[in-house]
Amino acid sequence: MVRDMRTRDGRALSASAQEVLRRTAVKAVRNGKTHQVVAALLGVRRQVVGRWVGRARNGGLPALKARRRGRPPGGTLRPWQAAQIAKALVDRHPDQLKLPFYLWTREAVAQLIEQRFGLRLSVWTVGRYLARWGFTPQKPIRRAYEQNPAAVRRWLRRVYPAIRAMAHRERATIFWEDETGMRSDHQAGTSYGRRGHTPVIPGTGQRFRCNMLSAITNRGRLNFMVFKQRFTAPVFLDFLRRLVRQTTRKIFLIVDGHPVHRSGRVTQWQRQHAQRLRLFFLPGYSPELNPDEMLNQDVKANAVGRQRPHNQAELLRNVRGHLRSRQRRPQIVRRYFQAPHVRYAAG
């Protein structure tokens, strides 16, 4: 259809003239004229009249008021202001600064800038600032409130270096151990789909799980045990006996503070086998210090999250198969130790 040449481009009008035009159109429609007639009288498109009427219906006549044109009111951060904001992003969380956010998003940073300096910046402008300051969107590491920072510093500066030196003197191999559970409904990754239509992945409605014990070294060695039952002292002792049988050198095993690791049965067994194995404990609530956590994430993402097991037996096969493939590729296990928060254990 050929557009009527008399249709005007309202964007060429001043803001106040646009407001008068909107009010006139809405008033005419309310007096009984059709959208098409009003559009012809005012020289605008019928769809535009409908949009104005809808805006007035939802927000009243104030919704037709002239709005500020151009870029949103804002400004430019001065260098000292930018330095303050960047420091706040590193040193504080949004809720510590009384902002209604849990993570640092562009919206949260924009609100912090407005709160401190009275500057209103768009999220796109804030995104450019963040890129200029060297900030990128990343998945955060969860850290427990109960963690003792002094104990973590002591572990990094004194305790672990002493363990490493002792292992060198006694010709022992340092293993990092951890345990984790996996559920059949765990999902990882994304799938393409049309906008507004979330992809549906078929799978069983049943829920089943399995557990895994593993120990790795910074040379790429991996020992594991996959099992169905709960993680208990007998299960852990079974794993320790296997580890001792499969390792010729003395073992320094670094574990977390799980009650099973500290149980009486495990303590007694370790004393009886002190010539072959010693346990060392990480600081409490500090899983990010354990490189074996990287293996856990790998297994959950690739052996469980991207698969669709139909039963527990298939879940067990998937997990064992993935772990055996990692055993055959020690370079991948060594790569776990290159993550920034566990790189201290790579040497």
# chains A, B, ... in the order shown; residues from 1 in each chain; ligands from 1
>>> residues_around(residues="A:Ala86", least_positions_apart="6", cutoff="12 Å", atoms="only C-alpha atoms", output="mmCIF file with N, CA and C atoms, in the first residue's frame")
data_model
loop_
_atom_site.group_PDB
_atom_site.id
_atom_site.type_symbol
_atom_site.label_atom_id
_atom_site.label_comp_id
_atom_site.auth_asym_id
_atom_site.auth_seq_id
_atom_site.Cartn_x
_atom_site.Cartn_y
_atom_site.Cartn_z
ATOM 1 N N LEU A 77 32.810 10.378 34.092
ATOM 2 C CA LEU A 77 33.541 10.183 35.338
ATOM 3 C C LEU A 77 34.934 10.776 35.219
ATOM 4 N N PRO A 79 38.892 10.984 36.470
ATOM 5 C CA PRO A 79 39.802 9.888 36.826
ATOM 6 C C PRO A 79 39.735 9.483 38.282
ATOM 7 N N TRP A 80 39.647 10.450 39.198
ATOM 8 C CA TRP A 80 39.608 10.096 40.612
ATOM 9 C C TRP A 80 38.298 9.403 40.965
ATOM 10 N N ARG A 92 34.455 -4.470 47.845
ATOM 11 C CA ARG A 92 33.141 -4.591 48.471
ATOM 12 C C ARG A 92 32.173 -5.359 47.573
ATOM 13 N N TRP A 104 27.867 -7.804 41.210
ATOM 14 C CA TRP A 104 28.183 -6.562 40.502
ATOM 15 C C TRP A 104 27.760 -6.699 39.038
ATOM 16 N N VAL A 109 26.519 -1.163 39.177
ATOM 17 C CA VAL A 109 27.588 -0.167 39.092
ATOM 18 C C VAL A 109 27.007 1.201 38.760
ATOM 19 N N LEU A 112 25.609 2.634 41.859
ATOM 20 C CA LEU A 112 26.675 3.085 42.763
ATOM 21 C C LEU A 112 27.229 4.433 42.311
ATOM 22 N N ILE A 113 27.414 4.602 41.004
ATOM 23 C CA ILE A 113 27.920 5.882 40.482
ATOM 24 C C ILE A 113 26.939 7.010 40.783
ATOM 25 N N VAL A 126 28.230 2.360 31.271
ATOM 26 C CA VAL A 126 28.885 1.675 32.386
ATOM 27 C C VAL A 126 29.666 0.467 31.878
ATOM 28 N N TYR A 129 32.911 1.612 30.520
ATOM 29 C CA TYR A 129 33.835 1.936 31.612
ATOM 30 C C TYR A 129 34.447 0.664 32.199
ATOM 31 N N LEU A 130 33.604 -0.340 32.453
ATOM 32 C CA LEU A 130 34.096 -1.578 33.056
ATOM 33 C C LEU A 130 35.137 -2.251 32.174
ATOM 34 N N ALA A 131 34.878 -2.261 30.860
ATOM 35 C CA ALA A 131 35.857 -2.851 29.948
ATOM 36 C C ALA A 131 37.168 -2.072 29.970
ATOM 37 N N ARG A 132 37.062 -0.744 30.054
ATOM 38 C CA ARG A 132 38.259 0.097 30.082
ATOM 39 C C ARG A 132 39.064 -0.142 31.354
ATOM 40 N N TRP A 133 38.367 -0.452 32.462
ATOM 41 C CA TRP A 133 39.056 -0.690 33.737
ATOM 42 C C TRP A 133 39.585 -2.120 33.852
ATOM 43 N N GLY A 134 39.295 -2.968 32.873
ATOM 44 C CA GLY A 134 39.785 -4.344 32.919
ATOM 45 C C GLY A 134 38.853 -5.316 33.603
ATOM 46 N N PHE A 135 37.569 -4.951 33.781
ATOM 47 C CA PHE A 135 36.592 -5.845 34.400
ATOM 48 C C PHE A 135 35.850 -6.616 33.307
#
>>> closest_residue(among="A:Val44, A:Gly59, A:Asn223, A:Trp124", to="A:Arg320", atoms="only C-alpha atoms")
A:Asn223
>>> closest_residue(among="A:Pro291, A:Trp155, A:His310, A:Leu64", to="A:Arg207", atoms="only C-alpha atoms")
A:His310
>>> select_by_dssp(residues="stretch 263-321 of chain A", states="helix (DSSP H, G or I)", output="tab-separated table (two decimals) with C-alpha atoms, in the first residue's frame")
chain	number	residue	atom	x	y	z
A	264	GLY	CA	37.93	-42.20	64.99
A	265	ARG	CA	38.12	-45.18	62.63
A	266	VAL	CA	39.99	-43.16	60.00
A	267	THR	CA	42.34	-41.64	62.58
A	268	GLN	CA	43.15	-45.06	64.03
A	269	TRP	CA	43.78	-46.59	60.58
A	270	GLN	CA	46.01	-43.68	59.59
A	271	ARG	CA	48.12	-44.11	62.73
A	272	GLN	CA	48.57	-47.80	61.97
A	287	PRO	CA	37.03	-25.57	48.97
A	288	GLU	CA	38.56	-23.08	46.53
A	289	LEU	CA	42.02	-24.11	47.84
A	292	ASP	CA	40.35	-31.59	43.12
A	293	GLU	CA	37.30	-29.30	43.07
A	294	MET	CA	38.17	-28.58	39.44
A	295	LEU	CA	37.81	-32.29	38.65
A	296	ASN	CA	34.42	-32.31	40.40
A	297	GLN	CA	33.24	-29.44	38.21
A	298	ASP	CA	34.55	-31.18	35.10
A	299	VAL	CA	32.69	-34.40	35.89
A	300	LYS	CA	29.43	-32.68	36.80
A	301	ALA	CA	29.48	-30.52	33.69
A	302	ASN	CA	30.61	-33.07	31.09
A	303	ALA	CA	29.77	-36.54	32.42
A	304	VAL	CA	26.45	-35.63	34.07
A	305	GLY	CA	25.18	-32.20	33.01
A	312	GLN	CA	21.49	-45.18	37.90
A	313	ALA	CA	23.55	-47.85	36.13
A	314	GLU	CA	23.92	-45.58	33.09
A	315	LEU	CA	24.86	-42.64	35.33
A	316	LEU	CA	27.58	-44.76	36.95
A	317	ARG	CA	28.91	-45.82	33.53
A	318	ASN	CA	29.00	-42.23	32.30
A	319	VAL	CA	30.91	-41.02	35.34
A	320	ARG	CA	33.40	-43.91	35.34
A	321	GLY	CA	33.96	-43.57	31.60
>>> closest_atom_pairs(of="stretch 12-41 of chain A", to="stretch 49-54 of chain A", cutoff="7 Å", atoms="only C-alpha atoms", output="JSON lines")
{"residue": "A:Arg22", "atom": "CA", "partner": "A:Trp52", "partner_atom": "CA", "distance": 6.3}
{"residue": "A:Ala25", "atom": "CA", "partner": "A:Val49", "partner_atom": "CA", "distance": 6.6}
{"residue": "A:Val26", "atom": "CA", "partner": "A:Val53", "partner_atom": "CA", "distance": 5.6}
{"residue": "A:His35", "atom": "CA", "partner": "A:Val49", "partner_atom": "CA", "distance": 6.1}
{"residue": "A:Ala39", "atom": "CA", "partner": "A:Val49", "partner_atom": "CA", "distance": 6.4}
>>> residues_around(residues="A:Arg219", least_positions_apart="2", cutoff="6 Å", atoms="only C-alpha atoms", output="JSON, numbers by chain")
{"A": [217, 221, 334]}
>>> closest_residue(among="A:Arg46, A:Arg343, A:Glu19, A:Ala162", to="A:Thr34", atoms="only C-alpha atoms")
A:Arg46
>>> closest_residue(among="A:Arg154, A:His322, A:Arg45, A:Arg262", to="A:Gln307", atoms="only C-alpha atoms")
A:His322
>>> residues_around(residues="A:Ala110", least_positions_apart="3", cutoff="7 Å", atoms="only C-alpha atoms", output="list of chain:residue names")
A:Arg106, A:Glu107, A:Ile113, A:Glu114, A:Leu121, A:Val123, A:Val126
>>> closest_residue(among="A:Lys139, A:Ile163, A:Ala15, A:Arg230", to="A:Phe281", atoms="only C-alpha atoms")
A:Ile163
>>> residues_around(residues="stretch 212-214 of chain A", least_positions_apart="5", cutoff="12 Å", atoms="only C-alpha atoms", output="ChimeraX atom specification")
/A:175-183,221-232,235-240,242-243,253-255,290-296,299-300,315-316,319-320,323-324,326-327,333
>>> atom_distance(atom1="atom CA of A:Asn148", atom2="atom CA of A:Val342")
17.4 Å
>>> residues_around(residues="stretch 245-250 of chain A", least_positions_apart="6", cutoff="10 Å", atoms="only C-alpha atoms", output="list in words")
Ala167, Glu170, Arg171, Ala172, Thr173, Ile174, Asn223, Phe239, Ala274, Gln275, Arg276, Leu277 and Arg278 of chain A
>>> write_last_selection(atoms="C-alpha atoms", output="PDB file, in the first residue's frame")
ATOM      1  CA  ALA A 167      57.219 -34.442  50.955  1.00  0.00           C
ATOM      2  CA  GLU A 170      60.550 -38.076  52.531  1.00  0.00           C
ATOM      3  CA  ARG A 171      60.090 -38.727  48.795  1.00  0.00           C
ATOM      4  CA  ALA A 172      56.306 -38.673  49.247  1.00  0.00           C
ATOM      5  CA  THR A 173      53.632 -37.940  46.649  1.00  0.00           C
ATOM      6  CA  ILE A 174      51.117 -35.197  47.494  1.00  0.00           C
ATOM      7  CA  ASN A 223      42.687 -42.162  41.381  1.00  0.00           C
ATOM      8  CA  PHE A 239      39.453 -45.773  49.062  1.00  0.00           C
ATOM      9  CA  ALA A 274      51.693 -43.794  59.165  1.00  0.00           C
ATOM     10  CA  GLN A 275      54.693 -45.133  57.237  1.00  0.00           C
ATOM     11  CA  ARG A 276      52.590 -45.254  54.069  1.00  0.00           C
ATOM     12  CA  LEU A 277      50.067 -42.426  54.388  1.00  0.00           C
ATOM     13  CA  ARG A 278      49.589 -39.153  56.271  1.00  0.00           C
TER      14      ARG A 278
END
>>> atom_distance(atom1="atom CA of A:Pro161", atom2="atom CA of A:Ala346")
11.8 Å
>>> decode(residues="stretch 43-125 of chain A", atoms="C-alpha atoms", output="compact mmCIF listing (two decimals), in the first residue's frame")
# COMPACT_ATOMS: atom_id res chain seq x y z
CA GLY A 43 -1.37 13.72 9.30
CA VAL A 44 0.07 10.78 11.24
CA ARG A 45 -0.18 7.04 10.89
CA ARG A 46 -3.12 5.14 12.36
CA GLN A 47 -0.73 2.88 14.32
CA VAL A 48 0.79 5.94 15.99
CA VAL A 49 -2.64 7.11 17.15
CA GLY A 50 -3.31 3.66 18.58
CA ARG A 51 0.00 3.77 20.47
CA TRP A 52 -0.84 7.17 22.00
CA VAL A 53 -4.31 5.99 23.02
CA GLY A 54 -2.85 2.87 24.65
CA ARG A 55 -0.29 4.94 26.53
CA ALA A 56 -3.03 7.25 27.86
CA ARG A 57 -5.20 4.28 28.81
CA ASN A 58 -2.40 2.72 30.90
CA GLY A 59 -0.83 5.85 32.37
CA GLY A 60 -3.37 8.62 31.95
CA LEU A 61 -2.67 11.95 30.27
CA PRO A 62 0.66 12.39 32.14
CA ALA A 63 1.97 9.51 30.02
CA LEU A 64 1.67 11.79 26.98
CA LYS A 65 3.97 14.46 28.36
CA ALA A 66 7.03 15.49 26.41
CA ARG A 67 10.12 13.51 27.29
CA ARG A 68 13.71 14.58 27.32
CA ARG A 69 15.38 13.92 23.97
CA GLY A 70 18.82 12.65 23.13
CA ARG A 71 21.18 10.83 25.44
CA PRO A 72 20.04 10.32 29.04
CA PRO A 73 21.23 12.97 31.50
CA GLY A 74 24.58 11.94 32.80
CA GLY A 75 28.17 12.96 32.53
CA THR A 76 31.70 11.71 32.43
CA LEU A 77 33.54 10.18 35.34
CA ARG A 78 36.67 12.00 36.30
CA PRO A 79 39.80 9.89 36.83
CA TRP A 80 39.61 10.10 40.61
CA GLN A 81 35.93 9.10 40.52
CA ALA A 82 36.66 6.15 38.23
CA ALA A 83 39.42 5.02 40.60
CA GLN A 84 37.01 5.11 43.55
CA ILE A 85 34.39 3.02 41.74
CA ALA A 86 36.92 0.46 40.52
CA LYS A 87 38.30 0.08 44.06
CA ALA A 88 34.79 -0.39 45.44
CA LEU A 89 34.10 -3.20 42.95
CA VAL A 90 37.21 -5.04 44.13
CA ASP A 91 36.89 -4.43 47.87
CA ARG A 92 33.14 -4.59 48.47
CA HIS A 93 29.98 -6.46 47.51
CA PRO A 94 26.86 -4.51 46.48
CA ASP A 95 24.93 -5.39 49.64
CA GLN A 96 27.80 -4.07 51.77
CA LEU A 97 27.24 -0.69 50.11
CA LYS A 98 23.47 -0.87 50.77
CA LEU A 99 22.66 -1.56 47.12
CA PRO A 100 19.77 -3.94 46.27
CA PHE A 101 22.02 -6.35 44.36
CA TYR A 102 23.87 -9.55 45.15
CA LEU A 103 26.41 -9.40 42.29
CA TRP A 104 28.18 -6.56 40.50
CA THR A 105 26.16 -6.03 37.33
CA ARG A 106 26.17 -2.99 35.04
CA GLU A 107 22.94 -1.84 36.70
CA ALA A 108 24.51 -2.16 40.16
CA VAL A 109 27.59 -0.17 39.09
CA ALA A 110 25.39 2.51 37.51
CA GLN A 111 23.44 2.84 40.76
CA LEU A 112 26.68 3.08 42.76
CA ILE A 113 27.92 5.88 40.48
CA GLU A 114 24.65 7.77 40.89
CA GLN A 115 24.69 7.23 44.65
CA ARG A 116 28.22 8.57 45.07
CA PHE A 117 28.52 11.25 42.43
CA GLY A 118 24.98 12.06 41.26
CA LEU A 119 25.77 10.98 37.69
CA ARG A 120 23.17 8.98 35.78
CA LEU A 121 24.88 6.76 33.22
CA SER A 122 23.30 4.20 30.90
CA VAL A 123 24.20 0.54 31.31
CA TRP A 124 26.00 0.69 27.94
CA THR A 125 28.19 3.54 29.15
